[in-house]
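As provided, data34.txt (compact mmCIF, C-alpha atoms) reads as follows.
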```txt
# COMPACT_ATOMS: atom_id res chain seq x y z
CA MET O 212 0.00 0.00 0.00
CA ARG O 213 1.45 3.34 -1.03
CA LEU O 214 0.80 6.32 1.17
CA SER O 215 0.59 9.84 -0.14
CA ILE O 216 2.27 12.68 1.71
CA ARG O 217 -1.17 14.05 2.57
CA THR O 218 -2.28 10.73 4.03
CA LEU O 219 0.86 10.39 6.12
CA ALA O 220 0.72 14.01 7.35
CA THR O 221 -2.93 13.67 8.32
CA ALA O 222 -2.23 10.42 10.14
CA LEU O 223 0.72 11.96 11.96
CA ALA O 224 -1.38 14.98 12.97
CA VAL O 225 -4.10 12.73 14.34
CA THR O 226 -1.50 10.67 16.21
CA LEU O 227 0.15 13.77 17.65
CA LEU O 228 -3.21 15.10 18.80
CA ALA O 229 -4.02 11.79 20.47
CA ALA O 230 -0.60 11.68 22.17
CA MET O 231 -1.08 15.24 23.47
CA LEU O 232 -4.48 14.32 24.85
CA VAL O 233 -2.94 11.34 26.64
CA ALA O 234 0.12 13.15 27.95
CA GLY O 235 -1.49 16.49 28.69
CA LEU O 236 -1.15 19.64 26.71
CA PRO O 237 2.11 21.50 27.26
CA GLY O 238 1.90 24.55 29.50
CA THR O 239 -1.27 23.48 31.30
CA ASP O 240 0.40 22.12 34.46
CA PRO O 241 -0.23 24.71 37.20
CA GLU O 242 2.75 23.41 39.21
CA ALA O 243 5.21 23.79 36.38
CA GLU O 244 7.85 26.47 36.74
CA ALA O 245 10.64 27.12 34.38
CA ASP O 246 13.48 27.20 36.88
CA LEU O 247 12.45 25.04 39.85
CA GLY O 248 11.93 21.32 40.22
CA PRO O 249 9.20 19.64 42.26
CA ILE O 250 8.98 20.08 46.02
CA GLU O 251 11.26 17.69 47.89
CA ALA O 252 11.83 17.31 51.62
CA VAL O 253 14.42 16.08 54.05
CA THR O 254 14.06 15.65 57.80
CA VAL O 255 16.48 16.61 60.56
CA SER O 256 15.99 14.67 63.79
CA ALA O 257 17.13 15.45 67.32
CA ALA O 258 20.01 13.01 66.75
CA ASP O 259 21.49 15.43 64.22
CA PHE O 260 22.07 18.15 66.83
CA HIS O 261 25.00 18.85 69.11
CA PRO O 262 25.58 21.66 71.62
CA TRP O 263 27.04 24.82 70.19
CA ILE O 264 29.49 25.29 73.07
CA GLY O 265 30.78 23.02 75.82
CA GLY O 266 29.53 22.97 79.38
CA LEU O 267 25.84 23.26 78.58
CA ASN O 268 23.15 21.04 80.00
CA TYR O 269 21.13 19.01 77.51
CA GLN O 270 19.47 15.66 76.95
CA ASN O 271 19.48 14.18 73.45
CA GLN O 272 17.37 11.03 73.14
CA GLY O 273 17.73 10.85 69.36
CA MET O 274 13.97 11.16 68.99
CA TRP O 275 13.75 14.35 71.05
CA LEU O 276 16.02 16.98 72.53
CA GLN O 277 15.86 19.16 75.62
CA ALA O 278 18.60 21.69 76.02
CA GLU O 279 20.03 24.72 77.67
CA TYR O 280 20.70 27.46 75.15
CA GLY O 281 22.15 26.60 71.74
CA GLN O 282 22.16 23.45 69.62
CA VAL O 283 23.22 23.21 65.99
CA ALA O 284 22.79 20.64 63.18
CA ARG O 285 23.70 20.40 59.52
CA ILE O 286 20.74 19.92 57.14
CA PRO O 287 21.44 16.77 55.07
CA LEU O 288 20.45 18.22 51.71
CA PRO O 289 21.64 16.57 48.49
CA THR O 290 25.08 17.88 47.64
CA ASN O 291 24.87 17.32 43.90
CA MET O 292 22.41 20.10 43.12
CA ALA O 293 21.60 23.71 43.90
CA VAL O 294 18.29 24.08 45.71
CA ARG O 295 15.95 26.73 46.96
CA ILE O 296 14.81 26.16 50.52
CA THR O 297 11.15 27.13 50.63
CA ASN O 298 10.01 26.50 54.18
CA ILE O 299 10.78 24.51 57.31
CA LYS O 300 8.26 22.77 59.56
CA VAL O 301 9.39 22.23 63.13
CA ARG O 302 7.78 19.82 65.61
CA VAL O 303 7.86 20.79 69.29
CA LEU O 304 6.07 19.73 72.46
CA ASP O 305 5.94 22.62 74.89
CA ASP O 306 4.36 22.25 78.32
CA ASP O 307 5.57 25.52 79.75
CA PRO O 308 4.03 28.83 78.68
CA ASP O 309 6.96 30.77 80.10
CA ASN O 310 9.85 29.01 78.38
CA ASN O 311 10.20 28.90 74.66
CA MET O 312 12.50 27.81 71.88
CA CYS O 313 13.52 29.60 68.73
CA ILE O 314 14.87 28.20 65.48
CA SER O 315 16.91 29.86 62.78
CA PHE O 316 18.00 28.67 59.35
CA GLY O 317 21.65 29.28 58.58
CA ARG O 318 23.54 29.18 55.32
CA ALA O 319 27.25 29.00 56.01
CA GLU O 320 29.62 30.27 53.35
CA PRO O 321 32.99 28.97 54.57
CA SER O 322 35.00 30.40 51.68
CA ASP O 323 33.80 33.88 52.63
CA ALA O 324 33.97 33.25 56.39
CA ALA O 325 30.35 34.32 56.46
CA SER O 326 26.88 33.05 57.19
CA THR O 327 23.37 34.13 56.32
CA LEU O 328 20.65 33.67 58.93
CA VAL O 329 16.88 33.52 58.46
CA GLY O 330 14.68 33.75 61.51
CA PRO O 331 14.38 33.27 64.37
CA GLN O 332 10.95 31.71 64.57
CA CYS O 333 9.84 31.00 68.14
CA THR O 334 7.36 28.73 69.89
CA ILE O 335 4.37 30.18 71.66
CA GLY O 336 4.12 28.41 75.01
CA SER O 337 0.70 29.69 75.95
CA ASN O 338 -1.12 26.47 75.19
CA PRO O 339 0.45 23.78 77.38
CA THR O 340 0.65 20.15 76.19
CA ASP O 341 -0.37 21.04 72.67
CA PRO O 342 2.03 19.86 70.01
CA GLN O 343 3.26 22.72 67.94
CA THR O 344 4.24 22.92 64.33
CA LEU O 345 6.23 26.01 63.59
CA THR O 346 6.43 26.94 59.94
CA MET O 347 9.25 29.18 58.87
CA GLN O 348 9.36 30.68 55.38
CA VAL O 349 12.91 30.75 54.07
CA PHE O 350 13.19 31.23 50.27
CA THR O 351 16.97 31.02 50.27
CA ASN O 352 19.13 29.38 47.62
CA VAL O 353 21.76 26.86 48.66
CA THR O 354 24.55 25.89 46.28
CA ARG O 355 27.52 23.55 46.66
CA PHE O 356 29.48 26.48 48.09
CA HIS O 357 27.11 26.68 51.06
CA THR O 358 26.45 24.50 54.09
CA PRO O 359 22.86 24.72 55.36
CA TYR O 360 22.25 24.30 59.07
CA LEU O 361 19.66 24.80 61.79
CA PHE O 362 20.33 26.67 65.00
CA LEU O 363 18.11 26.14 68.02
CA VAL O 364 18.06 28.43 71.02
CA PHE O 365 16.31 27.15 74.12
CA GLU O 366 15.26 29.51 76.83
CA ASP O 367 16.91 28.59 80.15
CA SER O 368 17.34 24.86 80.83
CA ASN O 369 13.81 24.38 79.56
CA ALA O 370 12.94 20.93 80.90
CA ASP O 371 9.35 21.30 79.68
CA LEU O 372 10.07 21.76 76.01
CA ARG O 373 11.07 18.97 73.66
CA PHE O 374 12.26 19.47 70.10
CA TYR O 375 11.37 16.43 67.91
CA GLY O 376 12.73 17.44 64.54
CA ALA O 377 12.26 19.60 61.51
CA THR O 378 11.36 18.86 57.91
CA VAL O 379 13.01 21.09 55.35
CA PHE O 380 11.21 21.60 52.05
CA TYR O 381 13.19 22.56 48.97
CA ARG O 382 13.11 22.63 45.19
CA GLU O 383 15.97 21.98 42.83
CA ILE O 384 17.15 24.99 40.87
CA ILE O 385 17.26 23.75 37.29
CA MET A 112 -7.40 -9.84 -3.38
CA THR A 113 -9.27 -6.53 -3.36
CA ALA A 114 -7.37 -3.26 -2.99
CA ARG A 115 -8.38 -1.14 0.01
CA SER A 116 -10.24 2.08 -0.65
CA PRO A 117 -7.98 5.17 -0.51
CA ARG A 118 -10.59 6.79 1.78
CA LEU A 119 -9.80 4.24 4.44
CA ARG A 120 -6.06 4.78 4.35
CA VAL A 121 -6.01 7.81 6.68
CA PRO A 122 -8.04 6.31 9.53
CA ILE A 123 -6.32 2.94 9.23
CA THR A 124 -2.86 4.47 9.24
CA ALA A 125 -3.78 6.82 12.11
CA LEU A 126 -5.18 3.94 14.13
CA ALA A 127 -2.05 1.92 13.49
CA LEU A 128 0.16 4.80 14.66
CA ILE A 129 -2.04 5.40 17.73
CA LEU A 130 -1.84 1.70 18.58
CA LEU A 131 1.92 1.79 18.17
CA ALA A 132 2.16 4.89 20.40
CA ALA A 133 -0.13 3.30 23.01
CA LEU A 134 2.03 0.20 23.06
CA ALA A 135 5.11 2.35 23.53
CA VAL A 136 3.46 4.27 26.39
CA GLY A 137 2.09 1.06 27.90
CA ALA A 138 5.55 -0.44 28.00
CA HIS A 139 6.49 2.15 30.65
CA PRO A 140 10.17 2.48 29.83
CA GLU A 141 10.52 4.33 33.14
CA ASP A 142 9.72 1.06 34.91
CA ALA A 143 12.75 -0.53 33.37
CA ALA A 144 14.72 2.57 34.25
CA ALA A 145 13.48 2.38 37.86
CA ASP A 146 14.74 -1.17 38.14
CA ALA A 147 18.03 -0.09 36.69
CA ARG A 148 18.20 2.78 39.19
CA THR A 149 18.11 0.46 42.21
CA THR A 150 21.50 1.06 43.70
CA ILE A 151 23.06 -0.44 46.79
CA HIS A 152 24.77 2.12 49.00
CA ARG A 153 27.08 1.49 51.93
CA VAL A 154 28.05 4.16 54.41
CA THR A 155 30.21 3.96 57.48
CA VAL A 156 29.21 5.90 60.56
CA PRO A 157 32.46 6.27 62.50
CA ALA A 158 32.74 6.71 66.24
CA GLY A 159 33.44 10.39 65.61
CA HIS A 160 29.88 10.96 64.42
CA PHE A 161 28.35 10.06 67.76
CA VAL A 162 27.37 12.72 70.29
CA PRO A 163 26.73 11.97 73.96
CA ALA A 164 23.09 11.86 75.00
CA GLY A 165 23.93 14.17 77.91
CA PRO A 166 26.79 16.28 79.24
CA ASP A 167 27.82 14.18 82.23
CA MET A 168 29.43 11.11 80.66
CA ALA A 169 33.11 10.33 81.18
CA TYR A 170 34.04 9.28 77.67
CA GLN A 171 36.80 9.58 75.16
CA ASN A 172 36.02 9.90 71.46
CA ASP A 173 39.15 9.66 69.30
CA GLY A 174 37.15 9.76 66.10
CA PHE A 175 37.97 6.17 65.13
CA VAL A 176 37.12 4.66 68.53
CA LEU A 177 34.79 5.62 71.37
CA SER A 178 35.25 4.32 74.92
CA LEU A 179 34.27 5.19 78.47
CA ASN A 180 36.33 5.96 81.52
CA ALA A 181 33.60 4.95 83.98
CA GLY A 182 30.06 3.59 84.16
CA GLN A 183 28.07 3.31 80.96
CA GLY A 184 27.19 5.85 78.36
CA PHE A 185 24.62 6.61 75.70
CA PHE A 186 25.35 8.22 72.35
CA THR A 187 23.42 9.01 69.20
CA ALA A 188 24.18 9.72 65.56
CA PRO A 189 22.08 10.25 62.45
CA VAL A 190 22.61 7.76 59.62
CA PRO A 191 24.30 9.82 56.91
CA TYR A 192 22.48 8.28 53.99
CA HIS A 193 22.69 10.12 50.73
CA TYR A 194 19.27 11.51 50.05
CA ASP A 195 18.86 12.18 46.35
CA GLY A 196 15.24 13.24 46.22
CA THR A 197 13.80 9.73 46.06
CA ASP A 198 10.68 9.12 48.08
CA HIS A 199 12.10 6.36 50.26
CA VAL A 200 15.32 4.83 51.48
CA PHE A 201 15.34 1.11 52.29
CA PHE A 202 17.83 -0.10 54.91
CA THR A 203 18.94 -3.70 54.43
CA ARG A 204 21.85 -4.32 56.81
CA VAL A 205 23.54 -2.74 59.82
CA GLU A 206 26.88 -3.93 61.15
CA LEU A 207 28.22 -2.87 64.53
CA LEU A 208 32.02 -2.75 64.73
CA GLY A 209 33.36 -3.06 68.24
CA VAL A 210 34.15 -5.29 71.19
CA ASP A 211 33.07 -5.63 74.80
CA GLY A 212 34.32 -8.26 77.24
CA THR A 213 30.96 -8.08 78.96
CA PRO A 214 28.13 -9.81 77.06
CA ASN A 215 25.47 -7.33 75.92
CA GLY A 216 27.63 -4.53 77.30
CA THR A 217 27.84 -2.49 74.11
CA CYS A 218 24.79 -2.48 71.87
CA LEU A 219 23.59 -0.49 68.89
CA THR A 220 19.95 0.15 67.95
CA MET A 221 18.61 1.79 64.81
CA TYR A 222 15.48 3.92 65.07
CA ARG A 223 13.28 5.73 62.61
CA ALA A 224 12.39 9.14 64.03
CA GLN A 225 8.96 10.41 62.96
CA PRO A 226 8.80 14.02 64.17
CA GLY A 227 5.39 14.52 62.61
CA ASP A 228 3.96 11.86 64.94
CA PHE A 229 6.17 12.70 67.97
CA LEU A 230 7.48 9.13 68.09
CA ASP A 231 10.16 6.78 66.85
CA VAL A 232 10.14 3.16 65.69
CA ALA A 233 12.84 0.62 66.58
CA MET A 234 14.28 -0.99 63.44
CA GLY A 235 16.67 -3.52 65.02
CA ASP A 236 19.69 -3.91 67.28
CA ALA A 237 22.88 -5.88 67.83
CA CYS A 238 25.48 -6.17 70.59
CA ALA A 239 29.26 -6.20 70.24
CA PRO A 240 31.08 -9.55 70.37
CA THR A 241 33.01 -10.42 73.54
CA ALA A 242 36.16 -11.22 71.59
CA GLY A 243 37.59 -9.11 68.88
CA PRO A 244 37.28 -6.36 67.77
CA GLY A 245 34.64 -7.89 65.60
CA SER A 246 31.23 -7.24 64.19
CA ALA A 247 27.58 -8.02 64.84
CA VAL A 248 24.89 -7.68 62.20
CA PHE A 249 21.17 -7.07 62.13
CA VAL A 250 18.68 -6.72 59.31
CA PRO A 251 16.42 -3.70 59.93
CA SER A 252 12.68 -4.17 60.12
CA PRO A 253 10.84 -2.04 59.23
CA ARG A 254 13.38 -0.96 56.69
CA ARG A 255 11.73 1.96 54.89
CA VAL A 256 12.38 5.62 55.74
CA ASN A 257 10.72 8.46 53.86
CA ALA A 258 11.40 12.17 53.52
CA GLY A 259 9.41 13.08 56.64
CA GLN A 260 11.39 10.63 58.75
CA ARG A 261 15.01 10.23 59.76
CA ALA A 262 17.05 7.13 60.65
CA TYR A 263 19.39 7.41 63.60
CA LEU A 264 21.59 5.14 65.70
CA TRP A 265 21.51 4.80 69.47
CA LEU A 266 24.59 3.40 71.16
CA ARG A 267 24.88 2.05 74.69
CA ILE A 268 28.46 1.40 75.63
CA GLY A 269 29.88 -0.20 78.78
CA ARG A 270 33.07 0.45 80.70
CA THR A 271 34.79 -2.52 79.04
CA GLY A 272 33.58 -1.67 75.56
CA SER A 273 35.20 -0.10 72.53
CA PHE A 274 33.04 1.11 69.65
CA TYR A 275 34.56 1.74 66.24
CA GLY A 276 31.50 2.55 64.20
CA ALA A 277 28.71 1.06 62.12
CA ARG A 278 28.41 0.05 58.49
CA VAL A 279 24.97 0.66 57.03
CA THR A 280 23.69 -0.75 53.75
CA TYR A 281 20.66 0.72 51.99
CA THR A 282 19.02 1.06 48.62
CA THR A 283 17.06 3.93 47.17
CA ASN A 284 14.56 1.52 45.60
CA PRO A 285 13.16 -1.70 47.07
```
Show me this structure written as structure tokens.
Amino acid sequence: MRLSIRTLATALAVTLLAAMLVAGLPGTDPEAEADLGPIEAVTVSAADFHPWIGGLNYQNQGMWLQAEYGQVARIPLPTNMAVRITNIKVRVLDDDPDNNMCISFGRAEPSDAASTLVGPQCTIGSNPTDPQTLTMQVFTNVTRFHTPYLFLVFEDSNADLRFYGATVFYREII
Amino acid sequence: MTARSPRLRVPITALALILLAALAVGAHPEDAAADARTTIHRVTVPAGHFVPAGPDMAYQNDGFVLSLNAGQGFFTAPVPYHYDGTDHVFFTRVELLGVDGTPNGTCLTMYRAQPGDFLDVAMGDACAPTAGPGSAVFVPSPRRVNAGQRAYLWLRIGRTGSFYGARVTYTTNP
């Protein structure tokens, strides 16, 4: 069977239309952005943290952390891509309305002996026993020249507040 | 044999191309790629990664070996798995490297922290051999950790124990 150019072109057009209907028309995905990949996440647990200076009181159970003053942890982001941190969700149990905890996002730039800080975002201890989810907006880019970290500051020895971890949301910069 | 009508050529050819395209889509080449992407990773968590669970332990951490000067101690460390944006990490094997003359004196447990639920889940444990240094192995169960969770190690070490680290095997696909 010989096919004319017109027959083949018409068939190809019909095929292309069918394929577009199956795959979705280009440009109609509301989530699509030209320069950012899909939302990914990575979690930092209490076990990731260590005290920022010696001589401080703390209790690190791996699952949760109580502390006096500062604790710091590296965020285990992928190291093979540049990302934009979008927001961080922090899980805290706080039984004491008077003592609180604050969290900051840090982006260390060792080659410049510098660091950029976002925050702090603090707990509100007015509702005892309620679990709290702090959400901190960040919108900071992290490249392979940066080291992202979290810095916690606990008020006093704060035996009534337990930090359980934080989930960091990010998108690859394409 | 009767020749087909030229009027039928377009729909027949289009249908054939659509069928061919559907077969190609139905084959899901990404499935084959997913199988090919299953990679086995092995990471070592050295003694130097472990932080004491509290400030009052008499210990010495030389980076390659961790030991106590008195009593017993508790230490924790996150598992430094390489997170590459996949939805899950599957742990398949954990090997404790150490020795303790006292049976069950130095033991390692893996947990899956779930900050969103304010809990953790034990994944398995093993105790150091009494002669060595040597190794003890466990197969984690459950073995899956997702982006909202974090795997960490919990070490209990006795006065007669020496802990050198842990080797962890995981895949990024089941």
Contacts of stretch 185-189 of chain A at 8 Å or less, counting all atoms listed in the file, minus same-chain residues fewer than 2 places along, as a list in words?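 So, after excluding close chain neighbours, the residues are Ser256, Ala258, Asp259, Asn271, Gln272 and Gly273 of chain O; His160, Phe161, Val162, Pro163, Ala164, Gly165, Gln183, Pro191, Arg261, Ala262, Tyr263, Leu264, Trp265, Leu266, Arg267 and Ile268 of chain A.
Nearest-residue note for chain O: choosing from A:Tyr194, A:Phe249, A:Phe274, A:Tyr281, the minimum distance belongs to A:Tyr194, counting only C-alpha atoms.
With atom CA of A:Leu208 on one side and atom CA of A:Leu230 on the other, the separation reads 27.5 Å.
Distances from O:Gly248, O:Gly265, O:Pro342, O:Gly281 to O:Glu366 were compared using only C-alpha atoms, and the smallest one belongs to O:Gly281.
The residue that comes closest to chain O, out of A:Val200, A:Ala239, A:Ala247, A:Leu207 and on the basis of only C-alpha atoms, is A:Val200.
Comparing the minimum interatomic distances between chain O and each of A:Val232, A:Leu219, A:Val248, A:Val176, counting only C-alpha atoms, we find that A:Val232 sits nearest.
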What lies within 6 Å of A:Gly276 using only C-alpha atoms, ignoring chain neighbours under 3 positions off, as a list in words? Val156, Pro157, Ala158 and Leu208 of chain A
Show me, as a VMD selection string, the residues that have an atom within 12 Å of O:Arg318 when counting all atoms listed in the file, minus same-chain residues fewer than 6 positions from it. chain O and resid 284 to 286 288 295 to 296 324 to 330 349 to 362
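Comparing the minimum interatomic distances between A:Val250 and each of A:Tyr222, A:Phe229, A:Tyr275, A:Phe202, counting all atoms listed in the file, we find that A:Phe202 sits nearest.
Taking atom CA of A:Gly243 and atom CA of A:Met168 as endpoints, the distance between them is 24.8 Å.
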Could you please determine the separation between atom CA of O:Ala278 and atom CA of A:Asp236 in Å, to one decimal place?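 Atom CA of O:Ala278 sits 27.1 Å away from atom CA of A:Asp236.
Distances from A:Tyr170, A:Phe175, A:Gly227, A:Met234 to chain O were compared using all atoms listed in the file, and the smallest one belongs to A:Gly227.
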Do you know which residues are at most 8 Å from O:Ile385 counting only C-alpha atoms, after dropping those on the same chain fewer than 5 positions away, and could you put them as a VMD selection string? chain O and resid 245 to 248 293
Within 6 Å of O:Leu363, counting all atoms listed in the file, which residues show up once you throw out same-chain ones fewer than 5 positions away? Write them as JSON, numbers by chain, please. {"O": [281, 282, 313, 314]}
